[in-house]
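Asks: Before I ask anything, let me first share the structure, which is written out below as structure tokens.
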Amino acid sequence: MTPEDPGGEPHQDEGPQRVQKVLARAGVASRRVAENLIEAGRVKVDGKVVVLGNRVDPATQLLELDGAPIALAPGLVHYLLNKPTGVISTASDTHGRRTVVDLVPDEPRVFPVGRLDGETEGLLLLTNNGELTHRLTHPSYGVEKEYLAEVAGTVSSGNLRRLREGVELDDGITSPAKASQPSPGMVRLTIHEGRNRQVRRMLDAVGHPVRRLVRTRIGPISDRNLAPGGWRHLSDDELRRLERAVSGNPAPQTRAERRAAAAEAGQAEAGQAEAGQAPDGQ
Ligand code: URA
């Protein structure tokens, strides 16, 4: 599973699962406490008291605690984490290393939105909102990501221009970026692609290896007060702004998509001209 793939809906279409697991995912209690609830005879599936080891299909069965139905659709959660160095951006690690998922609550299960290198610090979103994850990580939506890099040496204005206009990397030239040097050796770089180690490679390519890299903004989301390792929920307003940033149609990516979009726009213009309208509908 990649960080771009949030793993699908955590509950639906998974078939019968252990009751304590479903209770924990629904946010009722930790698995251990859920086991106690089951042992105490307080949990029913389709009207029948369950025992440890029983399963429930969240899609089709009624789960009750103390006679009250449990809502099984997981609430969507959106966390903003300040990732420290040395923590990896995957949902699980086969080598037992600490992952970003270890830094936020276990339930409901969430996934990182995109990836930061192990040594990169800063803002990372984690969520169980698959649609939002898809849009935030798809290059066609072009969400800006801003980084502050401490680099070796002072970057010349010519090299800042190269960073802005596009740098030749081994996987192709980079898209136009924003680049500035707030103080000698500190580079603020804003990109909207998500290639592997892109900022480090761009700065390497212009002769300024990165010494420290921090992501300071994801689209409209920033937070200077979140301590390394700390997390918080996105506010309703932040979520609205994030959703607005990825609303609308994605920009065409391939040449064929661009041709199709241009043809469609041409037809729309022709239609509007016939109807006596300006192309933008003004
Ligand atoms: N660019 C990098 O080089 N590393 C990151 O973690 C993110 C962007």
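All residue names refer to the structure tokens as shown: chains lettered A, B, ... in order, residues numbered from 1 in each chain, ligands numbered from 1 in order.
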Report the closest atom pair, with its distance in Å rounded to one decimal, for each residue of chain A that has an atom no farther than 6 Å from ligand 1; count only C-alpha atoms and all ligand atoms, sort by chain and then rising residue number, and write it as JSON lines.
Replies:
```
{"residue": "A:Leu116", "atom": "CA", "partner": "ligand 1", "partner_atom_place_in_ligand_line": "6 (O)", "distance": 3.3}
{"residue": "A:Asp117", "atom": "CA", "partner": "ligand 1", "partner_atom_place_in_ligand_line": "6 (O)", "distance": 3.8}
{"residue": "A:Thr120", "atom": "CA", "partner": "ligand 1", "partner_atom_place_in_ligand_line": "6 (O)", "distance": 4.9}
{"residue": "A:Arg197", "atom": "CA", "partner": "ligand 1", "partner_atom_place_in_ligand_line": "3 (O)", "distance": 3.1}
{"residue": "A:Gln198", "atom": "CA", "partner": "ligand 1", "partner_atom_place_in_ligand_line": "1 (N)", "distance": 4.2}
{"residue": "A:Val199", "atom": "CA", "partner": "ligand 1", "partner_atom_place_in_ligand_line": "1 (N)", "distance": 3.8}
{"residue": "A:Arg200", "atom": "CA", "partner": "ligand 1", "partner_atom_place_in_ligand_line": "3 (O)", "distance": 3.8}
```
Asks: Apply DSSP to the backbone of this structure and, from range 68-244 of chain A, keep only the residues in strand (DSSP E or B); write these as a compact mmCIF listing (two decimals) with C-alpha atoms, in the first residue's frame.
Replies:
```txt
# COMPACT_ATOMS: atom_id res chain seq x y z
CA ALA A 68 -28.24 1.25 21.75
CA PRO A 69 -27.20 0.82 18.10
CA HIS A 78 -8.21 14.73 9.64
CA TYR A 79 -5.06 15.18 11.67
CA LEU A 80 -2.28 17.67 11.13
CA LEU A 81 1.01 16.27 12.40
CA ASN A 82 4.36 17.98 12.78
CA LYS A 83 6.53 15.06 11.74
CA ILE A 88 8.82 7.25 8.42
CA THR A 99 5.94 5.51 11.65
CA PHE A 111 -3.14 6.99 6.56
CA PRO A 112 -0.60 9.65 5.72
CA GLU A 121 10.35 17.40 9.24
CA GLY A 122 7.15 19.36 9.21
CA LEU A 123 3.52 19.25 8.32
CA LEU A 124 1.85 16.05 7.25
CA LEU A 125 -1.86 15.27 7.04
CA LEU A 126 -3.23 11.91 8.14
CA THR A 127 -6.81 10.93 7.46
CA LYS A 145 3.54 22.40 -0.73
CA GLU A 146 5.93 24.88 0.81
CA TYR A 147 9.31 23.90 2.27
CA LEU A 148 12.01 25.72 4.13
CA ALA A 149 15.44 24.30 3.43
CA GLU A 150 18.71 25.04 5.12
CA VAL A 151 21.33 24.55 2.43
CA GLU A 168 16.50 19.13 -15.02
CA LEU A 169 16.28 16.03 -12.81
CA GLY A 172 12.45 15.14 -16.09
CA ILE A 173 12.35 18.88 -15.70
CA LYS A 178 8.30 29.61 -6.21
CA ALA A 179 11.75 30.12 -4.72
CA SER A 180 13.16 32.77 -2.44
CA GLN A 181 16.02 33.12 0.04
CA PRO A 182 14.70 34.76 3.22
CA SER A 183 18.23 34.74 4.65
CA MET A 186 17.77 29.42 3.81
CA VAL A 187 15.59 28.66 0.79
CA ARG A 188 11.82 28.78 0.71
CA LEU A 189 10.61 26.55 -2.10
CA THR A 190 6.98 26.03 -3.07
CA ILE A 191 6.20 23.17 -5.42
CA VAL A 210 20.06 20.33 1.82
CA ARG A 211 21.16 20.22 5.45
CA ARG A 212 17.71 20.45 6.99
CA LEU A 213 14.30 20.34 5.37
CA VAL A 214 10.97 21.34 6.89
CA ARG A 215 7.56 21.37 5.22
CA THR A 216 5.83 24.54 6.36
CA ARG A 217 2.57 24.56 4.39
CA ILE A 218 0.19 22.22 2.58
CA ILE A 221 -2.76 24.72 5.95
CA TRP A 231 -0.72 16.62 16.19
CA ARG A 232 -4.14 18.21 16.21
CA HIS A 233 -7.44 17.90 14.36
```
Asks: Can you tell me how far CA of Asp237 in chain A sits from CA of Ser222 in chain A, in Å to one decimal?
Replies: 12.8 Å
Asks: How far is it from CA of Glu165 in chain A to CA of Leu136 in chain A, in Å with one decimal?
Replies: 23.2 Å
Asks: Have a look at A:Gly248, A:Gly230, A:Gly166, A:Gly47 and name the one nearest to Pro105 in chain A; count only C-alpha atoms.
Replies: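 Ranking A:Gly248, A:Gly230, A:Gly166, A:Gly47 by distance to Pro105 in chain A, first place goes to A:Gly230.
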Asks: So which one's closest to Ala29 in chain A, A:Gly96, A:Lys48, A:Asp106, A:Ala59? Using only C-alpha atoms, please.
Replies: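 Smallest separation from Ala29 in chain A among the options: A:Asp106.
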Asks: Can you work out the spacing between CA of Pro209 in chain A and CA of Val143 in chain A in Å, to one decimal?
Replies: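 Separation of CA of Pro209 in chain A and CA of Val143 in chain A: 24.9 Å.
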Asks: Considering only C-alpha atoms, can you say which of A:Lys21, A:Arg115, A:Arg244, A:His134 comes closest to Ser89 in chain A?
Replies: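 Of A:Lys21, A:Arg115, A:Arg244, A:His134, the one nearest Ser89 in chain A is A:Arg115, counting only C-alpha atoms.
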Asks: Report the residues of range 205-250 of chain A whose backbone DSSP state falls under alpha helix (DSSP H), written as a VMD selection string.
Replies: chain A and resid 205 236 to 245
